[in-house]
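Trainee: What follows is run-v3.txt, compact mmCIF, N, CA and C atoms.
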```txt
# COMPACT_ATOMS: atom_id res chain seq x y z
N MET A 1 15.55 14.00 6.58
CA MET A 1 14.63 14.81 7.36
C MET A 1 13.18 14.57 6.95
N VAL A 2 12.96 14.29 5.67
CA VAL A 2 11.60 14.05 5.19
C VAL A 2 11.03 12.79 5.83
N ASN A 3 11.87 11.75 5.96
CA ASN A 3 11.42 10.52 6.60
C ASN A 3 11.05 10.75 8.06
N ILE A 4 11.84 11.57 8.72
CA ILE A 4 11.56 11.89 10.13
C ILE A 4 10.24 12.63 10.23
N GLU A 5 9.99 13.57 9.31
CA GLU A 5 8.73 14.32 9.31
C GLU A 5 7.54 13.38 9.12
N LYS A 6 7.68 12.41 8.23
CA LYS A 6 6.60 11.46 8.00
C LYS A 6 6.32 10.65 9.26
N LYS A 7 7.38 10.21 9.93
CA LYS A 7 7.21 9.44 11.17
C LYS A 7 6.54 10.29 12.24
N ILE A 8 6.94 11.56 12.32
CA ILE A 8 6.34 12.47 13.30
C ILE A 8 4.86 12.63 13.01
N LEU A 9 4.51 12.84 11.73
CA LEU A 9 3.11 13.01 11.36
C LEU A 9 2.27 11.79 11.71
N GLU A 10 2.84 10.61 11.53
CA GLU A 10 2.12 9.39 11.88
C GLU A 10 1.86 9.33 13.39
N LEU A 11 2.80 9.78 14.19
CA LEU A 11 2.65 9.71 15.64
C LEU A 11 1.77 10.81 16.21
N LEU A 12 1.63 11.91 15.49
CA LEU A 12 0.91 13.06 16.05
C LEU A 12 -0.61 12.90 16.03
N ASN A 13 -1.10 11.69 15.81
CA ASN A 13 -2.53 11.46 15.97
C ASN A 13 -2.91 11.59 17.44
N GLU A 14 -1.91 11.45 18.28
CA GLU A 14 -2.08 11.64 19.72
C GLU A 14 -1.14 12.78 20.14
N PRO A 15 -1.47 13.50 21.20
CA PRO A 15 -0.59 14.59 21.63
C PRO A 15 0.72 14.07 22.22
N TYR A 16 1.82 14.74 21.84
CA TYR A 16 3.15 14.39 22.33
C TYR A 16 3.94 15.66 22.58
N THR A 17 4.87 15.56 23.53
CA THR A 17 5.88 16.61 23.66
C THR A 17 7.06 16.22 22.78
N SER A 18 7.95 17.17 22.55
CA SER A 18 9.11 16.86 21.71
C SER A 18 9.99 15.80 22.37
N THR A 19 10.05 15.80 23.69
CA THR A 19 10.85 14.81 24.42
C THR A 19 10.29 13.41 24.21
N GLU A 20 8.97 13.28 24.31
CA GLU A 20 8.35 11.97 24.11
C GLU A 20 8.57 11.47 22.68
N LEU A 21 8.45 12.36 21.71
CA LEU A 21 8.69 11.98 20.32
C LEU A 21 10.14 11.56 20.10
N SER A 22 11.07 12.29 20.71
CA SER A 22 12.48 11.95 20.52
C SER A 22 12.79 10.57 21.12
N LYS A 23 12.16 10.23 22.24
CA LYS A 23 12.36 8.91 22.84
C LYS A 23 11.76 7.83 21.96
N LYS A 24 10.55 8.09 21.41
CA LYS A 24 9.90 7.10 20.55
C LYS A 24 10.66 6.86 19.27
N LEU A 25 11.20 7.93 18.67
CA LEU A 25 11.89 7.82 17.39
C LEU A 25 13.38 7.55 17.53
N GLY A 26 13.91 7.76 18.73
CA GLY A 26 15.34 7.52 18.95
C GLY A 26 16.21 8.58 18.28
N ILE A 27 15.71 9.81 18.24
CA ILE A 27 16.42 10.92 17.61
C ILE A 27 16.60 12.03 18.64
N ASN A 28 17.69 12.77 18.49
CA ASN A 28 18.02 13.85 19.41
C ASN A 28 16.84 14.79 19.60
N ASN A 29 16.59 15.19 20.85
CA ASN A 29 15.47 16.06 21.20
C ASN A 29 15.55 17.41 20.49
N ARG A 30 16.75 17.96 20.33
CA ARG A 30 16.89 19.28 19.68
C ARG A 30 16.45 19.21 18.22
N ILE A 31 16.78 18.11 17.55
CA ILE A 31 16.39 17.95 16.15
C ILE A 31 14.87 17.86 16.04
N ILE A 32 14.26 17.06 16.93
CA ILE A 32 12.81 16.91 16.92
C ILE A 32 12.13 18.24 17.21
N THR A 33 12.62 18.97 18.21
CA THR A 33 12.03 20.26 18.57
C THR A 33 12.11 21.23 17.39
N LYS A 34 13.27 21.29 16.75
CA LYS A 34 13.45 22.18 15.60
C LYS A 34 12.48 21.80 14.48
N LEU A 35 12.40 20.50 14.17
CA LEU A 35 11.49 20.03 13.12
C LEU A 35 10.04 20.34 13.45
N LEU A 36 9.65 20.12 14.71
CA LEU A 36 8.27 20.39 15.10
C LEU A 36 7.92 21.86 14.95
N LYS A 37 8.83 22.74 15.35
CA LYS A 37 8.57 24.18 15.21
C LYS A 37 8.43 24.57 13.75
N GLU A 38 9.30 24.01 12.89
CA GLU A 38 9.20 24.28 11.45
C GLU A 38 7.89 23.75 10.88
N MET A 39 7.51 22.55 11.31
CA MET A 39 6.29 21.94 10.81
C MET A 39 5.05 22.73 11.24
N VAL A 40 5.04 23.22 12.47
CA VAL A 40 3.91 24.02 12.94
C VAL A 40 3.80 25.31 12.13
N ASN A 41 4.95 25.91 11.79
CA ASN A 41 4.93 27.16 11.02
C ASN A 41 4.49 26.95 9.57
N LYS A 42 4.89 25.86 8.95
CA LYS A 42 4.60 25.69 7.52
C LYS A 42 3.36 24.84 7.24
N ARG A 43 2.85 24.11 8.21
CA ARG A 43 1.68 23.24 8.01
C ARG A 43 0.54 23.71 8.89
N LYS A 44 -0.67 23.58 8.35
CA LYS A 44 -1.84 23.98 9.12
C LYS A 44 -2.48 22.81 9.85
N ASP A 45 -2.01 21.59 9.56
CA ASP A 45 -2.63 20.42 10.18
C ASP A 45 -1.92 19.96 11.45
N ILE A 46 -1.03 20.79 11.98
CA ILE A 46 -0.35 20.47 13.24
C ILE A 46 -0.61 21.62 14.21
N ALA A 47 -1.07 21.27 15.39
CA ALA A 47 -1.34 22.28 16.41
C ALA A 47 -0.37 22.10 17.57
N SER A 48 -0.16 23.19 18.30
CA SER A 48 0.72 23.10 19.48
C SER A 48 0.16 24.02 20.56
N LYS A 49 0.48 23.67 21.81
CA LYS A 49 0.05 24.49 22.95
C LYS A 49 1.07 24.37 24.05
N LYS A 50 1.41 25.50 24.64
CA LYS A 50 2.37 25.55 25.74
C LYS A 50 1.62 25.29 27.04
N ILE A 51 2.04 24.24 27.75
CA ILE A 51 1.45 23.91 29.04
C ILE A 51 2.59 23.89 30.04
N GLY A 52 2.65 24.92 30.88
CA GLY A 52 3.78 25.05 31.81
C GLY A 52 5.05 25.24 31.02
N ARG A 53 6.03 24.41 31.26
CA ARG A 53 7.28 24.52 30.51
C ARG A 53 7.33 23.58 29.31
N TYR A 54 6.27 22.81 29.08
CA TYR A 54 6.21 21.86 27.97
C TYR A 54 5.34 22.41 26.84
N THR A 55 5.72 22.06 25.63
CA THR A 55 4.89 22.35 24.47
C THR A 55 4.39 21.02 23.94
N VAL A 56 3.09 20.93 23.78
CA VAL A 56 2.46 19.70 23.31
C VAL A 56 2.05 19.90 21.85
N PHE A 57 2.35 18.90 21.02
CA PHE A 57 2.04 18.95 19.60
C PHE A 57 1.06 17.83 19.26
N TRP A 58 0.13 18.08 18.34
CA TRP A 58 -0.82 17.08 17.89
C TRP A 58 -1.42 17.51 16.56
N ARG A 59 -2.11 16.57 15.93
CA ARG A 59 -2.85 16.87 14.69
C ARG A 59 -4.32 16.96 15.06
N PRO A 60 -4.94 18.08 14.77
CA PRO A 60 -6.35 18.24 15.11
C PRO A 60 -7.24 17.25 14.35
N ILE A 61 -8.41 17.01 14.87
CA ILE A 61 -9.35 16.06 14.27
C ILE A 61 -9.73 16.48 12.86
N SER A 62 -9.78 17.78 12.59
CA SER A 62 -10.17 18.24 11.25
C SER A 62 -9.22 17.70 10.18
N ALA A 63 -7.94 17.59 10.52
CA ALA A 63 -6.97 17.03 9.57
C ALA A 63 -7.28 15.56 9.31
N MET A 64 -7.67 14.84 10.36
CA MET A 64 -8.02 13.43 10.20
C MET A 64 -9.30 13.31 9.37
N LEU A 65 -10.26 14.20 9.62
CA LEU A 65 -11.50 14.15 8.85
C LEU A 65 -11.24 14.41 7.37
N GLU A 66 -10.32 15.32 7.09
CA GLU A 66 -9.96 15.60 5.70
C GLU A 66 -9.30 14.38 5.05
N LYS A 67 -8.45 13.71 5.81
CA LYS A 67 -7.80 12.51 5.30
C LYS A 67 -8.83 11.42 5.03
N ILE A 68 -9.80 11.27 5.92
CA ILE A 68 -10.87 10.29 5.74
C ILE A 68 -11.69 10.62 4.49
N LYS A 69 -11.97 11.91 4.30
CA LYS A 69 -12.73 12.34 3.12
C LYS A 69 -11.97 11.99 1.84
N ASN A 70 -10.67 12.22 1.82
CA ASN A 70 -9.86 11.87 0.66
C ASN A 70 -9.88 10.37 0.39
N LEU A 71 -9.81 9.58 1.44
CA LEU A 71 -9.86 8.12 1.29
C LEU A 71 -11.22 7.68 0.75
N GLU A 72 -12.29 8.31 1.23
CA GLU A 72 -13.62 7.97 0.73
C GLU A 72 -13.75 8.30 -0.76
N GLU A 73 -13.17 9.42 -1.18
CA GLU A 73 -13.18 9.79 -2.60
C GLU A 73 -12.41 8.76 -3.43
N GLN A 74 -11.28 8.31 -2.92
CA GLN A 74 -10.51 7.29 -3.62
C GLN A 74 -11.30 5.99 -3.74
N ILE A 75 -12.03 5.63 -2.68
CA ILE A 75 -12.85 4.41 -2.70
C ILE A 75 -13.94 4.54 -3.76
N LYS A 76 -14.59 5.69 -3.81
CA LYS A 76 -15.63 5.90 -4.82
C LYS A 76 -15.05 5.81 -6.22
N LYS A 77 -13.88 6.37 -6.42
CA LYS A 77 -13.23 6.31 -7.73
C LYS A 77 -12.93 4.86 -8.11
N LEU A 78 -12.40 4.08 -7.17
CA LEU A 78 -12.10 2.67 -7.43
C LEU A 78 -13.37 1.87 -7.70
N GLU A 79 -14.44 2.17 -6.97
CA GLU A 79 -15.71 1.48 -7.21
C GLU A 79 -16.22 1.78 -8.61
N LYS A 80 -16.08 3.03 -9.04
CA LYS A 80 -16.53 3.41 -10.38
C LYS A 80 -15.69 2.68 -11.44
N GLU A 81 -14.37 2.63 -11.24
CA GLU A 81 -13.50 1.90 -12.17
C GLU A 81 -13.87 0.43 -12.21
N ASN A 82 -14.18 -0.15 -11.06
CA ASN A 82 -14.57 -1.56 -10.98
C ASN A 82 -15.88 -1.78 -11.74
N LYS A 83 -16.84 -0.86 -11.57
CA LYS A 83 -18.11 -0.97 -12.27
C LYS A 83 -17.90 -0.89 -13.78
N ASN A 84 -17.05 0.04 -14.21
CA ASN A 84 -16.75 0.17 -15.64
C ASN A 84 -16.10 -1.10 -16.18
N LEU A 85 -15.21 -1.68 -15.39
CA LEU A 85 -14.54 -2.91 -15.81
C LEU A 85 -15.54 -4.06 -15.93
N LYS A 86 -16.46 -4.14 -14.97
CA LYS A 86 -17.49 -5.19 -15.03
C LYS A 86 -18.35 -5.02 -16.28
N GLU A 87 -18.74 -3.77 -16.57
CA GLU A 87 -19.54 -3.51 -17.77
C GLU A 87 -18.77 -3.89 -19.03
N LYS A 88 -17.49 -3.59 -19.04
CA LYS A 88 -16.65 -3.91 -20.19
C LYS A 88 -16.54 -5.42 -20.37
N LEU A 89 -16.43 -6.13 -19.25
CA LEU A 89 -16.29 -7.59 -19.33
C LEU A 89 -17.58 -8.29 -19.72
N LEU A 90 -18.70 -7.60 -19.60
CA LEU A 90 -19.95 -8.22 -20.01
C LEU A 90 -20.12 -8.26 -21.52
N LYS A 91 -19.28 -7.53 -22.23
CA LYS A 91 -19.32 -7.56 -23.69
C LYS A 91 -18.66 -8.85 -24.16
N PRO A 92 -19.32 -9.60 -25.06
CA PRO A 92 -18.79 -10.90 -25.49
C PRO A 92 -17.41 -10.83 -26.13
N ASP A 93 -17.14 -9.81 -26.94
CA ASP A 93 -15.84 -9.75 -27.59
C ASP A 93 -14.71 -9.56 -26.60
N GLU A 94 -14.96 -8.85 -25.49
CA GLU A 94 -13.93 -8.66 -24.45
C GLU A 94 -13.62 -9.98 -23.75
N ILE A 95 -14.66 -10.75 -23.48
CA ILE A 95 -14.46 -12.05 -22.82
C ILE A 95 -13.65 -12.96 -23.73
N ASP A 96 -13.95 -12.93 -25.05
CA ASP A 96 -13.20 -13.75 -26.00
C ASP A 96 -11.73 -13.37 -26.01
N LYS A 97 -11.45 -12.06 -25.98
CA LYS A 97 -10.05 -11.59 -25.96
C LYS A 97 -9.34 -12.08 -24.71
N LEU A 98 -10.01 -11.97 -23.56
CA LEU A 98 -9.39 -12.42 -22.30
C LEU A 98 -9.18 -13.94 -22.32
N TRP A 99 -10.14 -14.68 -22.90
CA TRP A 99 -10.01 -16.13 -22.96
C TRP A 99 -8.82 -16.53 -23.82
N LEU A 100 -8.62 -15.83 -24.95
CA LEU A 100 -7.47 -16.12 -25.81
C LEU A 100 -6.16 -15.84 -25.08
N LYS A 101 -6.12 -14.74 -24.34
CA LYS A 101 -4.92 -14.42 -23.57
C LYS A 101 -4.65 -15.49 -22.53
N LEU A 102 -5.71 -15.96 -21.87
CA LEU A 102 -5.56 -17.00 -20.86
C LEU A 102 -5.03 -18.29 -21.48
N GLU A 103 -5.56 -18.66 -22.63
CA GLU A 103 -5.10 -19.88 -23.30
C GLU A 103 -3.63 -19.77 -23.70
N LYS A 104 -3.24 -18.61 -24.23
CA LYS A 104 -1.84 -18.41 -24.61
C LYS A 104 -0.94 -18.51 -23.38
N TRP A 105 -1.37 -17.89 -22.28
CA TRP A 105 -0.58 -17.93 -21.05
C TRP A 105 -0.47 -19.36 -20.54
N LYS A 106 -1.59 -20.09 -20.60
CA LYS A 106 -1.60 -21.46 -20.11
C LYS A 106 -0.63 -22.33 -20.92
N ASN A 107 -0.66 -22.18 -22.23
CA ASN A 107 0.26 -22.94 -23.09
C ASN A 107 1.71 -22.59 -22.75
N TYR A 108 1.97 -21.32 -22.56
CA TYR A 108 3.33 -20.89 -22.22
C TYR A 108 3.74 -21.46 -20.86
N ALA A 109 2.81 -21.43 -19.89
CA ALA A 109 3.13 -21.93 -18.55
C ALA A 109 3.49 -23.41 -18.58
N PHE A 110 2.75 -24.20 -19.36
CA PHE A 110 3.06 -25.64 -19.42
C PHE A 110 4.37 -25.90 -20.15
N LYS A 111 4.66 -25.12 -21.17
CA LYS A 111 5.96 -25.26 -21.86
C LYS A 111 7.09 -24.92 -20.89
N LEU A 112 6.90 -23.87 -20.12
CA LEU A 112 7.90 -23.47 -19.14
C LEU A 112 8.07 -24.56 -18.07
N ALA A 113 6.96 -25.13 -17.61
CA ALA A 113 7.03 -26.20 -16.62
C ALA A 113 7.77 -27.41 -17.18
N ASP A 114 7.52 -27.71 -18.45
CA ASP A 114 8.20 -28.82 -19.11
C ASP A 114 9.71 -28.57 -19.18
N PHE A 115 10.08 -27.35 -19.52
CA PHE A 115 11.49 -26.98 -19.61
C PHE A 115 12.16 -27.08 -18.24
N LEU A 116 11.48 -26.56 -17.20
CA LEU A 116 12.03 -26.62 -15.84
C LEU A 116 12.17 -28.06 -15.37
N ALA A 117 11.16 -28.87 -15.70
CA ALA A 117 11.22 -30.28 -15.31
C ALA A 117 12.41 -30.96 -15.97
N PHE A 118 12.65 -30.67 -17.23
CA PHE A 118 13.78 -31.25 -17.94
C PHE A 118 15.10 -30.83 -17.29
N GLN A 119 15.22 -29.55 -16.93
CA GLN A 119 16.46 -29.06 -16.31
C GLN A 119 16.68 -29.64 -14.92
N LYS A 120 15.60 -29.78 -14.15
CA LYS A 120 15.74 -30.29 -12.78
C LYS A 120 15.76 -31.81 -12.73
N GLY A 121 15.36 -32.44 -13.82
CA GLY A 121 15.31 -33.90 -13.82
C GLY A 121 14.10 -34.43 -13.09
N THR A 122 13.01 -33.68 -13.07
CA THR A 122 11.78 -34.12 -12.43
C THR A 122 10.67 -34.18 -13.48
N THR A 123 9.46 -34.41 -13.00
CA THR A 123 8.32 -34.45 -13.92
C THR A 123 7.59 -33.11 -13.91
N VAL A 124 6.77 -32.91 -14.94
CA VAL A 124 5.98 -31.67 -15.05
C VAL A 124 5.01 -31.57 -13.88
N SER A 125 4.42 -32.69 -13.49
CA SER A 125 3.45 -32.65 -12.39
C SER A 125 4.12 -32.21 -11.08
N GLU A 126 5.37 -32.60 -10.85
CA GLU A 126 6.07 -32.16 -9.64
C GLU A 126 6.34 -30.65 -9.68
N ILE A 127 6.71 -30.16 -10.87
CA ILE A 127 6.91 -28.71 -11.01
C ILE A 127 5.61 -27.96 -10.76
N LEU A 128 4.52 -28.47 -11.32
CA LEU A 128 3.22 -27.81 -11.14
C LEU A 128 2.77 -27.87 -9.68
N LYS A 129 3.09 -28.98 -8.99
CA LYS A 129 2.75 -29.06 -7.56
C LYS A 129 3.51 -28.00 -6.78
N GLU A 130 4.78 -27.76 -7.13
CA GLU A 130 5.59 -26.74 -6.46
C GLU A 130 4.99 -25.35 -6.63
N THR A 131 4.46 -25.09 -7.83
CA THR A 131 3.91 -23.76 -8.11
C THR A 131 2.47 -23.62 -7.68
N GLY A 132 1.80 -24.74 -7.40
CA GLY A 132 0.41 -24.68 -7.00
C GLY A 132 -0.55 -24.60 -8.17
N ALA A 133 -0.08 -24.88 -9.38
CA ALA A 133 -0.92 -24.85 -10.58
C ALA A 133 -1.87 -26.04 -10.56
N PRO A 134 -3.05 -25.90 -11.17
CA PRO A 134 -4.00 -27.02 -11.21
C PRO A 134 -3.46 -28.14 -12.09
N LEU A 135 -3.45 -29.37 -11.57
CA LEU A 135 -2.87 -30.50 -12.28
C LEU A 135 -3.81 -31.11 -13.31
N GLU A 136 -5.12 -30.91 -13.16
CA GLU A 136 -6.04 -31.53 -14.08
C GLU A 136 -5.92 -30.92 -15.49
N ASP A 137 -5.37 -29.73 -15.60
CA ASP A 137 -5.20 -29.08 -16.89
C ASP A 137 -3.90 -29.50 -17.58
N GLU A 138 -3.08 -30.30 -16.91
CA GLU A 138 -1.77 -30.67 -17.43
C GLU A 138 -1.88 -31.44 -18.75
N ASN A 139 -2.87 -32.32 -18.87
CA ASN A 139 -2.97 -33.18 -20.04
C ASN A 139 -3.70 -32.52 -21.21
N SER A 140 -4.35 -31.41 -20.99
CA SER A 140 -5.11 -30.78 -22.07
C SER A 140 -4.27 -29.87 -22.92
```
Starting from the file, give its structure as structure tokens.
Mentor:
Amino acid sequence: MVNIEKKILELLNEPYTSTELSKKLGINNRIITKLLKEMVNKRKDIASKKIGRYTVFWRPISAMLEKIKNLEEQIKKLEKENKNLKEKLLKPDEIDKLWLKLEKWKNYAFKLADFLAFQKGTTVSEILKETGAPLEDENS
């Protein structure tokens, strides 16, 4: 039921009747109607209105604006983390640590390529071509 609710929420950016939603989702209309009524009662970001014999459900723009605001906050947080990481990487000792890790990984990668080449009966350069690794570093 939780998965169905998520799918309904994704679709309610536009107004739908329960019948239209049931056709789109391929689920029994009674189940969709029951879920929609429960969702309207327990959630404030879903609106409904009776038009004739149909009830139309949708998510108001305010809910979308709130979602956009949350996404903007997440972007600002990521930008701040990125800025902190850049500042950290500008320190010489951090760059040295990363360089050592890269060298260790590179040595391991070439040993692994050599082992794979031995098992497959091919050359290291063919293994590196398969993985897309730079070949000019093979001899160093």
Trainee: Atom N of Asn13 (chain A) to CA of Trp58 (chain A): how many Å, to one decimal?
Mentor: 5.8 Å
Trainee: Can you tell me how far CA of Glu5 (chain A) sits from CA of Ile32 (chain A), in Å to one decimal?
Mentor: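 So the answer is 9.0 Å.
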Trainee: Nearest to Glu14 (chain A) among A:Glu126, A:Arg59, A:Asn84, A:Asp45, with distances taken over all atoms listed in the file: which residue is it?
Mentor: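 Between A:Glu126, A:Arg59, A:Asn84, A:Asp45, the residue approaching Glu14 (chain A) most closely is A:Arg59.
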Trainee: Name all residues at most 6.5 Å from Pro60 (chain A) (count all atoms listed in the file; drop same-chain ones fewer than 4 positions away) and give them as a list in words.
Mentor: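 The residues satisfying every condition are Asp45, Ile46, Ala47, Met64 and Leu65 of chain A.
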Trainee: May I ask for the distance between CA of Ile27 (chain A) and CA of Leu11 (chain A), given in Å to one decimal place?
Mentor: 14.0 Å
Trainee: As a VMD selection string, please: every residue in chain A that DSSP puts in strand (DSSP E).
Mentor: chain A and resid 16 to 17 47 to 51 54 to 58
Trainee: Could you give me, as a ChimeraX atom specification, the residues within 7 Å of Ser48 (chain A), counting only C-alpha atoms and dropping anything in the same chain fewer than 3 positions from it?
Mentor: /A:55-58
